[in-house]
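Visitor: As input, take structure31.cif (mmCIF, C-alpha atoms and all ligand atoms):
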data_input
loop_
_atom_site.label_atom_id
_atom_site.label_comp_id
_atom_site.auth_asym_id
_atom_site.auth_seq_id
_atom_site.Cartn_x
_atom_site.Cartn_y
_atom_site.Cartn_z
CA MET A 1 -27.54 12.86 34.58
CA THR A 2 -27.68 16.65 34.24
CA ASP A 3 -25.12 18.00 31.79
CA ILE A 4 -22.66 20.05 33.88
CA PRO A 5 -20.22 22.23 31.89
CA LYS A 6 -16.57 21.41 32.72
CA SER A 7 -15.86 25.14 32.92
CA HIS A 8 -18.17 25.54 35.91
CA PRO A 9 -16.06 26.64 38.94
CA ARG A 10 -17.83 24.07 41.14
CA TYR A 11 -17.66 21.29 38.54
CA ALA A 12 -16.25 18.49 40.76
CA SER A 13 -18.67 19.22 43.56
CA LEU A 14 -21.65 19.37 41.20
CA VAL A 15 -20.68 16.05 39.59
CA ALA A 16 -20.46 14.47 43.04
CA ARG A 17 -23.93 15.78 43.90
CA GLU A 18 -25.28 14.37 40.67
CA ARG A 19 -23.75 10.98 41.42
CA VAL A 20 -25.28 10.82 44.90
CA ALA A 21 -28.67 12.03 43.59
CA ASN A 22 -28.45 9.39 40.86
CA GLY A 23 -27.70 6.76 43.53
CA VAL A 24 -30.93 7.77 45.29
CA LYS A 25 -32.86 7.63 42.02
CA LYS A 26 -31.53 4.15 41.27
CA GLY A 27 -32.33 3.00 44.79
CA PHE A 28 -28.89 2.17 46.20
CA THR A 29 -28.29 5.41 48.13
CA SER A 30 -30.62 6.48 50.95
CA ASN A 31 -32.27 9.91 51.19
CA GLN A 32 -30.14 10.50 54.28
CA GLY A 33 -27.10 9.98 52.04
CA LEU A 34 -27.88 13.31 50.40
CA ILE A 35 -27.58 15.05 53.75
CA ALA A 36 -24.33 13.24 54.56
CA GLN A 37 -22.92 14.43 51.22
CA GLY A 38 -23.92 18.00 52.11
CA ARG A 39 -22.09 17.81 55.43
CA GLY A 40 -19.02 16.44 53.66
CA GLU A 41 -19.14 19.20 51.02
CA CYS A 42 -19.15 21.84 53.72
CA PHE A 43 -15.93 20.51 55.24
CA ASP A 44 -14.37 20.07 51.81
CA TYR A 45 -15.11 23.76 51.14
CA LEU A 46 -13.45 24.75 54.42
CA LEU A 47 -10.40 22.61 53.61
CA GLY A 48 -10.04 24.23 50.18
CA GLU A 49 -11.16 21.13 48.22
CA ARG A 50 -7.64 19.71 48.15
CA THR A 51 -5.69 16.85 49.66
CA THR A 52 -3.89 18.44 52.59
CA ALA A 53 -0.54 17.39 54.06
CA SER A 54 -2.32 15.73 57.02
CA ALA A 55 -4.56 13.76 54.68
CA ALA A 56 -1.51 12.64 52.67
CA ALA A 57 0.23 11.46 55.87
CA ALA A 58 -2.90 9.56 56.94
CA THR A 59 -3.17 8.00 53.48
CA GLN A 60 0.40 6.72 53.75
CA ALA A 61 -0.27 5.18 57.19
CA ALA A 62 -3.51 3.65 55.90
CA ALA A 63 -1.73 2.07 52.93
CA ALA A 64 0.92 0.62 55.25
CA LEU A 65 -1.78 -0.83 57.51
CA LEU A 66 -3.62 -2.38 54.57
CA LEU A 67 -0.41 -3.92 53.20
CA MET A 68 0.44 -5.47 56.60
CA ALA A 69 -3.11 -6.77 57.14
CA GLU A 70 -3.79 -10.49 57.07
CA ARG A 71 -7.53 -10.09 56.48
CA PRO A 72 -8.25 -6.59 55.10
CA VAL A 73 -11.87 -5.77 54.17
CA LEU A 74 -13.31 -2.71 52.44
CA SER A 75 -16.76 -1.56 53.56
CA VAL A 76 -19.17 -0.05 51.02
CA ASN A 77 -22.34 1.93 51.75
CA GLY A 78 -24.80 3.77 49.49
CA ASN A 79 -22.76 6.97 49.18
CA VAL A 80 -19.53 5.08 48.52
CA ALA A 81 -21.30 3.04 45.82
CA ALA A 82 -22.62 6.24 44.23
CA LEU A 83 -19.30 8.10 44.29
CA VAL A 84 -16.43 5.63 43.79
CA PRO A 85 -17.61 2.11 42.87
CA GLU A 86 -14.92 1.53 40.26
CA GLU A 87 -12.17 2.93 42.49
CA MET A 88 -13.18 0.73 45.45
CA VAL A 89 -13.15 -2.34 43.21
CA ALA A 90 -9.66 -1.40 41.95
CA LEU A 91 -8.34 -1.05 45.53
CA ALA A 92 -9.92 -4.38 46.53
CA ALA A 93 -8.30 -6.07 43.52
CA LEU A 94 -4.88 -4.63 44.39
CA LEU A 95 -5.15 -5.91 47.97
CA GLY A 96 -6.92 -9.17 47.11
CA ALA A 97 -9.51 -8.09 49.69
CA PRO A 98 -13.28 -8.59 49.79
CA LEU A 99 -15.75 -5.70 49.63
CA GLU A 100 -18.61 -5.87 52.13
CA VAL A 101 -21.86 -3.96 51.69
CA ASN A 102 -22.56 -2.43 55.07
CA LEU A 103 -25.55 -0.09 55.37
CA PHE A 104 -26.69 2.20 58.16
CA HIS A 105 -30.26 2.25 56.78
CA ARG A 106 -30.23 -1.39 55.74
CA SER A 107 -32.71 -2.82 53.29
CA GLU A 108 -32.17 -6.14 51.52
CA GLU A 109 -33.08 -4.48 48.23
CA ARG A 110 -30.37 -1.82 48.61
CA VAL A 111 -27.75 -4.38 49.66
CA LYS A 112 -28.50 -6.41 46.53
CA LEU A 113 -28.38 -3.38 44.23
CA ILE A 114 -24.99 -2.29 45.60
CA ALA A 115 -23.57 -5.83 45.44
CA ARG A 116 -24.72 -6.08 41.82
CA LEU A 117 -23.19 -2.70 40.97
CA LEU A 118 -19.83 -3.75 42.46
CA ARG A 119 -19.89 -7.05 40.57
CA GLU A 120 -20.68 -5.18 37.34
CA GLN A 121 -17.53 -3.13 38.01
CA GLY A 122 -15.55 -6.39 38.16
CA ALA A 123 -15.44 -7.07 41.92
CA GLU A 124 -14.26 -10.61 42.65
CA LYS A 125 -15.63 -11.01 46.16
CA VAL A 126 -18.64 -9.07 47.44
CA LEU A 127 -20.10 -9.85 50.87
CA GLY A 128 -22.98 -8.44 52.88
CA GLU A 129 -26.00 -10.13 51.31
CA ASN A 130 -25.98 -12.97 53.83
CA PRO A 131 -24.72 -11.61 57.15
CA ASP A 132 -24.10 -14.39 59.69
CA ALA A 133 -22.64 -12.51 62.67
CA THR A 134 -23.21 -9.37 64.72
CA VAL A 135 -20.80 -6.69 65.90
CA PRO A 136 -21.13 -6.45 69.71
CA GLY A 137 -22.51 -3.23 71.15
CA LEU A 138 -24.74 -2.20 68.22
CA ASP A 139 -28.48 -2.65 67.74
CA HIS A 140 -29.45 -5.56 65.51
CA ALA A 141 -29.80 -4.08 62.00
CA ARG A 142 -26.65 -1.98 62.31
CA ALA A 143 -24.68 -4.81 63.89
CA LEU A 144 -24.98 -7.22 60.95
CA ALA A 145 -21.64 -8.43 59.55
CA THR A 146 -20.24 -11.38 57.66
CA ARG A 147 -17.78 -14.04 58.82
CA GLY A 148 -14.80 -14.03 56.50
CA GLY A 149 -15.58 -10.32 55.96
CA ILE A 150 -15.83 -7.38 58.35
CA TYR A 151 -16.55 -9.65 61.33
CA ASP A 152 -13.18 -11.45 61.05
CA ALA A 153 -11.13 -8.66 59.48
CA ASP A 154 -8.00 -7.37 61.19
CA VAL A 155 -8.00 -4.11 59.18
CA VAL A 156 -11.23 -2.50 57.89
CA LEU A 157 -11.57 0.50 55.61
CA ILE A 158 -14.81 2.34 56.47
CA PRO A 159 -15.42 5.33 54.23
CA LEU A 160 -18.23 7.67 55.40
CA GLU A 161 -19.13 5.58 58.44
CA ASP A 162 -20.99 6.59 61.56
CA GLY A 163 -19.21 6.97 64.89
CA ASP A 164 -20.96 4.14 66.75
CA ARG A 165 -19.99 1.49 64.25
CA CYS A 166 -16.45 2.80 64.02
CA GLU A 167 -16.15 2.61 67.80
CA ALA A 168 -17.66 -0.89 67.93
CA LEU A 169 -15.19 -2.18 65.32
CA VAL A 170 -12.26 -0.65 67.23
CA ALA A 171 -13.61 -2.29 70.43
CA MET A 172 -13.41 -5.66 68.62
CA GLY A 173 -9.66 -5.11 68.34
CA LYS A 174 -9.62 -4.18 64.66
CA LYS A 175 -7.49 -1.49 63.07
CA VAL A 176 -9.97 0.88 61.48
CA ILE A 177 -9.25 3.28 58.62
CA ALA A 178 -11.87 6.00 58.15
CA ILE A 179 -12.34 8.35 55.22
CA ASP A 180 -14.29 11.33 56.52
CA LEU A 181 -14.09 15.01 55.60
CA ASN A 182 -15.15 16.06 59.10
CA PRO A 183 -12.08 16.01 61.38
CA LEU A 184 -14.40 16.57 64.37
CA SER A 185 -16.70 13.59 63.75
CA ARG A 186 -16.76 10.73 66.22
CA THR A 187 -15.68 8.43 63.39
CA ALA A 188 -12.58 10.49 62.68
CA ARG A 189 -11.70 10.67 66.38
CA LYS A 190 -12.25 6.97 67.11
CA ALA A 191 -10.57 5.43 64.05
CA THR A 192 -6.98 4.16 64.05
CA VAL A 193 -6.22 6.23 60.95
CA SER A 194 -8.57 8.94 59.66
CA ILE A 195 -8.13 10.26 56.15
CA VAL A 196 -9.73 13.72 56.21
CA ASP A 197 -10.29 14.07 52.50
CA ASN A 198 -13.03 13.75 49.91
CA ILE A 199 -13.55 10.10 49.04
CA LEU A 200 -13.27 11.10 45.37
CA ARG A 201 -9.62 12.00 45.97
CA ALA A 202 -8.90 9.69 48.91
CA VAL A 203 -9.57 6.30 47.31
CA PRO A 204 -7.42 6.84 44.18
CA ASN A 205 -4.66 8.30 46.40
CA LEU A 206 -4.87 5.31 48.73
CA THR A 207 -4.62 2.90 45.80
CA GLU A 208 -1.60 4.78 44.47
CA GLN A 209 0.12 4.77 47.90
CA THR A 210 -0.62 1.07 48.34
CA ARG A 211 0.99 0.37 44.99
CA LEU A 212 4.03 2.50 45.84
CA LEU A 213 4.51 1.04 49.33
CA SER A 214 4.10 -2.56 48.21
CA LYS A 215 7.86 -2.57 47.56
CA GLU A 216 8.72 -1.53 51.15
CA THR A 217 9.88 -3.98 53.79
CA ARG A 218 7.56 -4.97 56.61
CA ALA A 219 9.86 -3.19 59.07
CA ASP A 220 9.50 0.05 57.10
CA LEU A 221 5.72 -0.31 56.94
CA GLU A 222 5.60 -0.92 60.70
CA LYS A 223 7.68 2.21 61.25
CA MET A 224 5.25 4.30 59.17
CA VAL A 225 2.32 3.08 61.26
CA MET A 226 4.21 3.55 64.56
CA GLU A 227 5.16 7.12 63.66
CA TYR A 228 1.62 8.07 62.68
CA ASP A 229 -0.42 9.83 65.38
CA ASN A 230 -4.13 10.13 64.53
CA GLN A 231 -4.92 12.86 67.07
CA LYS A 232 -2.02 14.91 65.74
CA ALA A 233 -3.19 14.39 62.15
CA LEU A 234 -6.73 15.53 63.08
CA ALA A 235 -5.36 18.60 64.82
CA GLY A 236 -3.36 19.18 61.63
CA SER A 237 -6.56 19.04 59.55
CA VAL A 238 -8.25 21.61 61.78
CA GLN A 239 -5.17 23.84 61.48
CA GLU A 240 -5.27 23.42 57.69
CA ILE A 241 -8.86 24.70 57.73
CA TRP A 242 -7.75 27.77 59.72
CA ASP A 243 -4.82 28.36 57.38
CA HIS A 244 -7.04 28.07 54.32
CA LEU A 245 -9.60 30.51 55.74
CA ASP A 246 -6.84 32.88 56.77
CA ARG A 247 -5.46 32.89 53.21
CA GLN A 248 -8.97 33.46 51.80
CA PHE A 249 -9.56 36.48 54.00
CA ARG A 250 -6.15 37.96 53.28
CA VAL A 251 -6.66 37.63 49.54
CA GLY A 252 -10.31 38.79 49.79
P1 LIG B 301 -20.20 10.67 63.44
O1 LIG B 301 -21.19 9.70 64.02
O2 LIG B 301 -18.91 10.05 63.05
O3 LIG B 301 -20.01 11.96 64.23
P2 LIG B 301 -21.85 12.02 61.50
O4 LIG B 301 -23.14 11.79 62.17
O5 LIG B 301 -21.28 13.40 61.45
O6 LIG B 301 -20.77 11.01 62.01
P3 LIG B 301 -22.76 10.60 59.19
O7 LIG B 301 -23.92 11.33 58.63
O8 LIG B 301 -22.98 9.33 59.92
O9 LIG B 301 -21.89 11.61 60.01
O10 LIG B 301 -21.69 10.26 58.05
C1 LIG B 301 -21.33 11.12 57.10
C2 LIG B 301 -19.89 11.55 57.29
O11 LIG B 301 -19.26 11.38 56.04
C3 LIG B 301 -19.79 13.03 57.66
O12 LIG B 301 -18.84 13.21 58.69
C4 LIG B 301 -19.31 13.71 56.37
O13 LIG B 301 -18.41 14.76 56.64
C5 LIG B 301 -18.59 12.57 55.67
N1 LIG B 301 -18.69 12.68 54.19
C6 LIG B 301 -19.79 12.90 53.43
N2 LIG B 301 -19.49 12.92 52.12
C7 LIG B 301 -18.17 12.69 52.03
C8 LIG B 301 -17.27 12.58 50.93
N3 LIG B 301 -17.66 12.73 49.67
N4 LIG B 301 -15.96 12.30 51.22
C9 LIG B 301 -15.55 12.14 52.48
N5 LIG B 301 -16.36 12.26 53.57
C10 LIG B 301 -17.64 12.54 53.36
#
Please render this file's structure as structure tokens.
Ligand code: ATP
Guide:
Amino acid sequence: MTDIPKSHPRYASLVARERVANGVKKGFTSNQGLIAQGRGECFDYLLGERTTASAAAATQAAAALLLMAERPVLSVNGNVAALVPEEMVALAALLGAPLEVNLFHRSEERVKLIARLLREQGAEKVLGENPDATVPGLDHARALATRGGIYDADVVLIPLEDGDRCEALVAMGKKVIAIDLNPLSRTARKATVSIVDNILRAVPNLTEQTRLLSKETRADLEKMVMEYDNQKALAGSVQEIWDHLDRQFRVG
């Protein structure tokens, strides 16, 4: 990887770019993944590259949902594998949940590479190599899912997912947690809980919240989910962008 000096003002963002580019070089991230990262970066810039109050509230609701789930599953695509493989494995271990490789531009080769990467990071249960079911309402390649995994899950975490698949999973009656820096995306608007934050910050925060909330009663967890309003949280994220820009212009 290119040697990026820690003192560089855009250090975190440059490291993320390197990781995604490295994922493409190694064959587990698609070329389109580079463009998706660019779109994410743009929104992160507008948000001030920080975890906002709305994102923190969504993270708390997401942790409560995951803790109450009977069959939680964490979905992994090429960008997720490039950016936070270790962190996704840690969250899966904490929840005792499987990881499922779930690709928009599916190739058997890429699925295998990502599954191997996750296992190398210590993942106990990795699905996706042998899909045996389809999600209704999607075309064949994008519909593939695994029984005992995403297909049967009651709560699914889908970082950096596309809107159609998010909507199709919600239509199956699942609670869907998205991680997506774009508060205007169809994914963010269709999900049950949308964490509008960079996946680099969101996954460690979600793991930390899950650990903290594991001591709460079920009634308290239910209350947290009941009180969470996704549309309000998304409107909050948009407001946080305005506020950040307003501060920038005032200072500038
Ligand atoms: P939708 O169908 O939901 O409208 P889209 O077409 O805008 O989605 P995709 O290209 O399918 O988006 O998926 C990429 C999404 O992931 C984008 O919304 C982008 O903002 C988000 N994203 C990219 N990189 C990151 C990241 N590092 N952290 C969080 N979100 C990210």
Visitor: Excluding region 16-18 of chain A and any residue of its chain fewer than 3 positions from it, enumerate the residues within 7 Å of it, using all atoms listed in the file, and give them as a JSON list (two decimals) with C-alpha atoms, in the coordinates of the input.
Guide:
[["chain", "number", "residue", "atom", "x", "y", "z"],
["A", 1, "MET", "CA", -27.54, 12.86, 34.58],
["A", 12, "ALA", "CA", -16.25, 18.49, 40.76],
["A", 13, "SER", "CA", -18.67, 19.22, 43.56],
["A", 21, "ALA", "CA", -28.67, 12.03, 43.59],
["A", 22, "ASN", "CA", -28.45, 9.39, 40.86],
["A", 83, "LEU", "CA", -19.30, 8.10, 44.29]]
Visitor: Restricting the calculation to all atoms listed in the file, which member of A:Asp220, A:Asp152, A:Asp44, A:Asp132 is positioned closest to ligand LIG 301 (chain B)?
Guide: A:Asp44
Visitor: Go through A:His8, A:Arg218, A:Lys190, A:Arg119 one by one, measure the shortest atom-to-atom distance of each to ligand LIG 301 (chain B) using all atoms listed in the file, and give the residue with the smallest value.
Guide: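 That would be A:Lys190, the residue with the smallest distance to ligand LIG 301 (chain B).
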Visitor: All residues within 6 Å of ligand LIG 301 (chain B) are required, counting only C-alpha atoms and all ligand atoms; please report them as a list in words.
Guide: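 Written in the requested form, the residues are Ala36, Gln37, Arg39, Gly40, Leu160, Glu161, Asp162, Gly163, Ile179, Asp180, Leu181, Asn182, Ser185, Arg186, Thr187, Asp197, Asn198 and Ile199 of chain A.
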Visitor: So for region 194-206 of chain A, what box centre and size do we get, axis-aligned, 6 Å extra on each of the six sides, every listed atom, Å to one decimal, as JSON?
Guide:
{"center_x": -9.1, "center_y": 9.7, "center_z": 51.9, "size_x": 20.9, "size_y": 20.8, "size_z": 27.5}
Visitor: Determine, counting only C-alpha atoms, which protein, DNA and RNA residues have an atom within 9 Å of an atom of Ala64 (chain A); residues of the same chain fewer than 5 positions away are not included. Present the result as a PyMOL selection string.
Guide: chain A and resi 59+69+209-210+213-214+218+220-222+224-225
Visitor: Could you state the separation of CA of Lys223 (chain A) and CA of Ser75 (chain A) in Å, given to one decimal place?
Guide: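 It comes out at 25.9 Å.
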Visitor: Please compute the CA of Leu117 (chain A)-CA of Pro85 (chain A) distance, one decimal, in Å.
Guide: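 Separation of CA of Leu117 (chain A) and CA of Pro85 (chain A): 7.6 Å.
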Visitor: Any idea what the distance is between CA of Val156 (chain A) and CA of Ala141 (chain A)?
Guide: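 Spanning CA of Val156 (chain A) to CA of Ala141 (chain A) is a straight-line distance of 19.1 Å.
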Visitor: Name the closest residue to Gly137 (chain A) among the candidates A:Asp164, A:Arg116, A:Ala191, A:Glu124; distances are taken between atoms, counting all atoms listed in the file.
Guide: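 Closest to Gly137 (chain A) of all the choices is A:Asp164.
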Visitor: Name the residues in contact with Val101 (chain A) at a cut-off of 10 Å, using only C-alpha atoms, excluding same-chain residues fewer than 6 positions from it; report them as a PyMOL selection string.
Guide: chain A and resi 74-78+80-81+110-115+118+126-129+131+145-146+149-150
Visitor: Give me the residues within 7 Å of region 52-56 of chain A as a ChimeraX atom specification, counting all atoms listed in the file and dropping any in the same chain fewer than 6 places off.
Guide: /A:195-197,233,236-237
Visitor: Take the residues just selected and output them with C-alpha atoms as a PDB file, in the coordinates of the input.
Guide:
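Output file selection-v1.pdb is given in full below:
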ATOM      1  CA  ILE A 195      -8.130  10.260  56.150  1.00  0.00           C
ATOM      2  CA  VAL A 196      -9.730  13.720  56.210  1.00  0.00           C
ATOM      3  CA  ASP A 197     -10.290  14.070  52.500  1.00  0.00           C
ATOM      4  CA  ALA A 233      -3.190  14.390  62.150  1.00  0.00           C
ATOM      5  CA  GLY A 236      -3.360  19.180  61.630  1.00  0.00           C
ATOM      6  CA  SER A 237      -6.560  19.040  59.550  1.00  0.00           C
TER       7      SER A 237
END
Visitor: So, counting all atoms listed in the file, which residue among A:Leu95, A:Val170, A:Leu14, A:Leu46 is closest to Leu66 (chain A)?
Guide: A:Leu95
Visitor: Within 8 Å of Ala143 (chain A), counting all atoms listed in the file, which residues qualify if same-chain residues fewer than 5 places away don't, as a PyMOL selection string?
Guide: chain A and resi 134-138+165
Visitor: Using all atoms listed in the file, which residue out of A:Ala58, A:Ala82, A:Met172, A:Ala63 lies closest to Gly23 (chain A)?
Guide: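 Looking only at the distances to Gly23 (chain A), the closest residue turns out to be A:Ala82.
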Visitor: Measuring atom to atom with only C-alpha atoms, identify which of A:Gln231, A:Thr192, A:Thr217, A:Asn79 is nearest to His105 (chain A).
Guide: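 Closest residue, counting only C-alpha atoms: A:Asn79.
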Visitor: Using the block above, I'd like region 76-98 of chain A written out, keeping N, CA and C atoms and formatting it as a PDB file, in the first residue's frame.
Guide:
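This is the output file part06.pdb:
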ATOM      1  N   VAL A  76     -21.896  -8.901   4.092  1.00  0.00           N
ATOM      2  CA  VAL A  76     -20.569  -8.359   3.740  1.00  0.00           C
ATOM      3  C   VAL A  76     -20.430  -8.306   2.221  1.00  0.00           C
ATOM      4  N   ASN A  77     -20.096  -7.126   1.691  1.00  0.00           N
ATOM      5  CA  ASN A  77     -19.794  -7.030   0.258  1.00  0.00           C
ATOM      6  C   ASN A  77     -18.322  -6.639   0.069  1.00  0.00           C
ATOM      7  N   GLY A  78     -17.941  -6.345  -1.163  1.00  0.00           N
ATOM      8  CA  GLY A  78     -16.525  -6.098  -1.465  1.00  0.00           C
ATOM      9  C   GLY A  78     -15.951  -4.877  -0.772  1.00  0.00           C
ATOM     10  N   ASN A  79     -16.746  -3.811  -0.650  1.00  0.00           N
ATOM     11  CA  ASN A  79     -16.245  -2.607   0.032  1.00  0.00           C
ATOM     12  C   ASN A  79     -16.133  -2.837   1.535  1.00  0.00           C
ATOM     13  N   VAL A  80     -17.110  -3.549   2.086  1.00  0.00           N
ATOM     14  CA  VAL A  80     -17.084  -3.839   3.529  1.00  0.00           C
ATOM     15  C   VAL A  80     -15.854  -4.695   3.841  1.00  0.00           C
ATOM     16  N   ALA A  81     -15.593  -5.681   2.979  1.00  0.00           N
ATOM     17  CA  ALA A  81     -14.439  -6.566   3.182  1.00  0.00           C
ATOM     18  C   ALA A  81     -13.133  -5.788   3.080  1.00  0.00           C
ATOM     19  N   ALA A  82     -13.107  -4.777   2.213  1.00  0.00           N
ATOM     20  CA  ALA A  82     -11.881  -3.986   2.056  1.00  0.00           C
ATOM     21  C   ALA A  82     -11.662  -3.055   3.244  1.00  0.00           C
ATOM     22  N   LEU A  83     -12.769  -2.528   3.795  1.00  0.00           N
ATOM     23  CA  LEU A  83     -12.633  -1.459   4.802  1.00  0.00           C
ATOM     24  C   LEU A  83     -12.623  -1.956   6.243  1.00  0.00           C
ATOM     25  N   VAL A  84     -13.487  -2.914   6.585  1.00  0.00           N
ATOM     26  CA  VAL A  84     -13.627  -3.295   8.008  1.00  0.00           C
ATOM     27  C   VAL A  84     -13.787  -4.813   8.224  1.00  0.00           C
ATOM     28  N   PRO A  85     -12.932  -5.629   7.622  1.00  0.00           N
ATOM     29  CA  PRO A  85     -13.124  -7.081   7.784  1.00  0.00           C
ATOM     30  C   PRO A  85     -13.004  -7.533   9.244  1.00  0.00           C
ATOM     31  N   GLU A  86     -11.969  -7.032   9.911  1.00  0.00           N
ATOM     32  CA  GLU A  86     -11.714  -7.436  11.295  1.00  0.00           C
ATOM     33  C   GLU A  86     -12.864  -6.987  12.208  1.00  0.00           C
ATOM     34  N   GLU A  87     -13.336  -5.763  11.966  1.00  0.00           N
ATOM     35  CA  GLU A  87     -14.389  -5.175  12.807  1.00  0.00           C
ATOM     36  C   GLU A  87     -15.719  -5.910  12.614  1.00  0.00           C
ATOM     37  N   MET A  88     -16.006  -6.351  11.386  1.00  0.00           N
ATOM     38  CA  MET A  88     -17.241  -7.104  11.141  1.00  0.00           C
ATOM     39  C   MET A  88     -17.167  -8.465  11.828  1.00  0.00           C
ATOM     40  N   VAL A  89     -15.993  -9.074  11.794  1.00  0.00           N
ATOM     41  CA  VAL A  89     -15.819 -10.380  12.452  1.00  0.00           C
ATOM     42  C   VAL A  89     -15.992 -10.219  13.972  1.00  0.00           C
ATOM     43  N   ALA A  90     -15.475  -9.129  14.520  1.00  0.00           N
ATOM     44  CA  ALA A  90     -15.608  -8.890  15.972  1.00  0.00           C
ATOM     45  C   ALA A  90     -17.082  -8.711  16.348  1.00  0.00           C
ATOM     46  N   LEU A  91     -17.838  -7.973  15.536  1.00  0.00           N
ATOM     47  CA  LEU A  91     -19.264  -7.769  15.834  1.00  0.00           C
ATOM     48  C   LEU A  91     -20.024  -9.093  15.727  1.00  0.00           C
ATOM     49  N   ALA A  92     -19.703  -9.874  14.710  1.00  0.00           N
ATOM     50  CA  ALA A  92     -20.357 -11.180  14.534  1.00  0.00           C
ATOM     51  C   ALA A  92     -20.076 -12.078  15.731  1.00  0.00           C
ATOM     52  N   ALA A  93     -18.843 -12.042  16.224  1.00  0.00           N
ATOM     53  CA  ALA A  93     -18.469 -12.886  17.369  1.00  0.00           C
ATOM     54  C   ALA A  93     -19.243 -12.462  18.613  1.00  0.00           C
ATOM     55  N   LEU A  94     -19.360 -11.156  18.812  1.00  0.00           N
ATOM     56  CA  LEU A  94     -20.085 -10.644  19.987  1.00  0.00           C
ATOM     57  C   LEU A  94     -21.544 -11.086  19.957  1.00  0.00           C
ATOM     58  N   LEU A  95     -22.141 -11.090  18.762  1.00  0.00           N
ATOM     59  CA  LEU A  95     -23.565 -11.437  18.631  1.00  0.00           C
ATOM     60  C   LEU A  95     -23.790 -12.938  18.455  1.00  0.00           C
ATOM     61  N   GLY A  96     -22.717 -13.667  18.164  1.00  0.00           N
ATOM     62  CA  GLY A  96     -22.869 -15.082  17.814  1.00  0.00           C
ATOM     63  C   GLY A  96     -23.649 -15.217  16.514  1.00  0.00           C
ATOM     64  N   ALA A  97     -23.405 -14.279  15.587  1.00  0.00           N
ATOM     65  CA  ALA A  97     -24.176 -14.232  14.331  1.00  0.00           C
ATOM     66  C   ALA A  97     -23.307 -14.639  13.149  1.00  0.00           C
ATOM     67  N   PRO A  98     -23.914 -15.238  12.119  1.00  0.00           N
ATOM     68  CA  PRO A  98     -23.138 -15.516  10.910  1.00  0.00           C
ATOM     69  C   PRO A  98     -22.904 -14.264  10.071  1.00  0.00           C
TER      70      PRO A  98
END
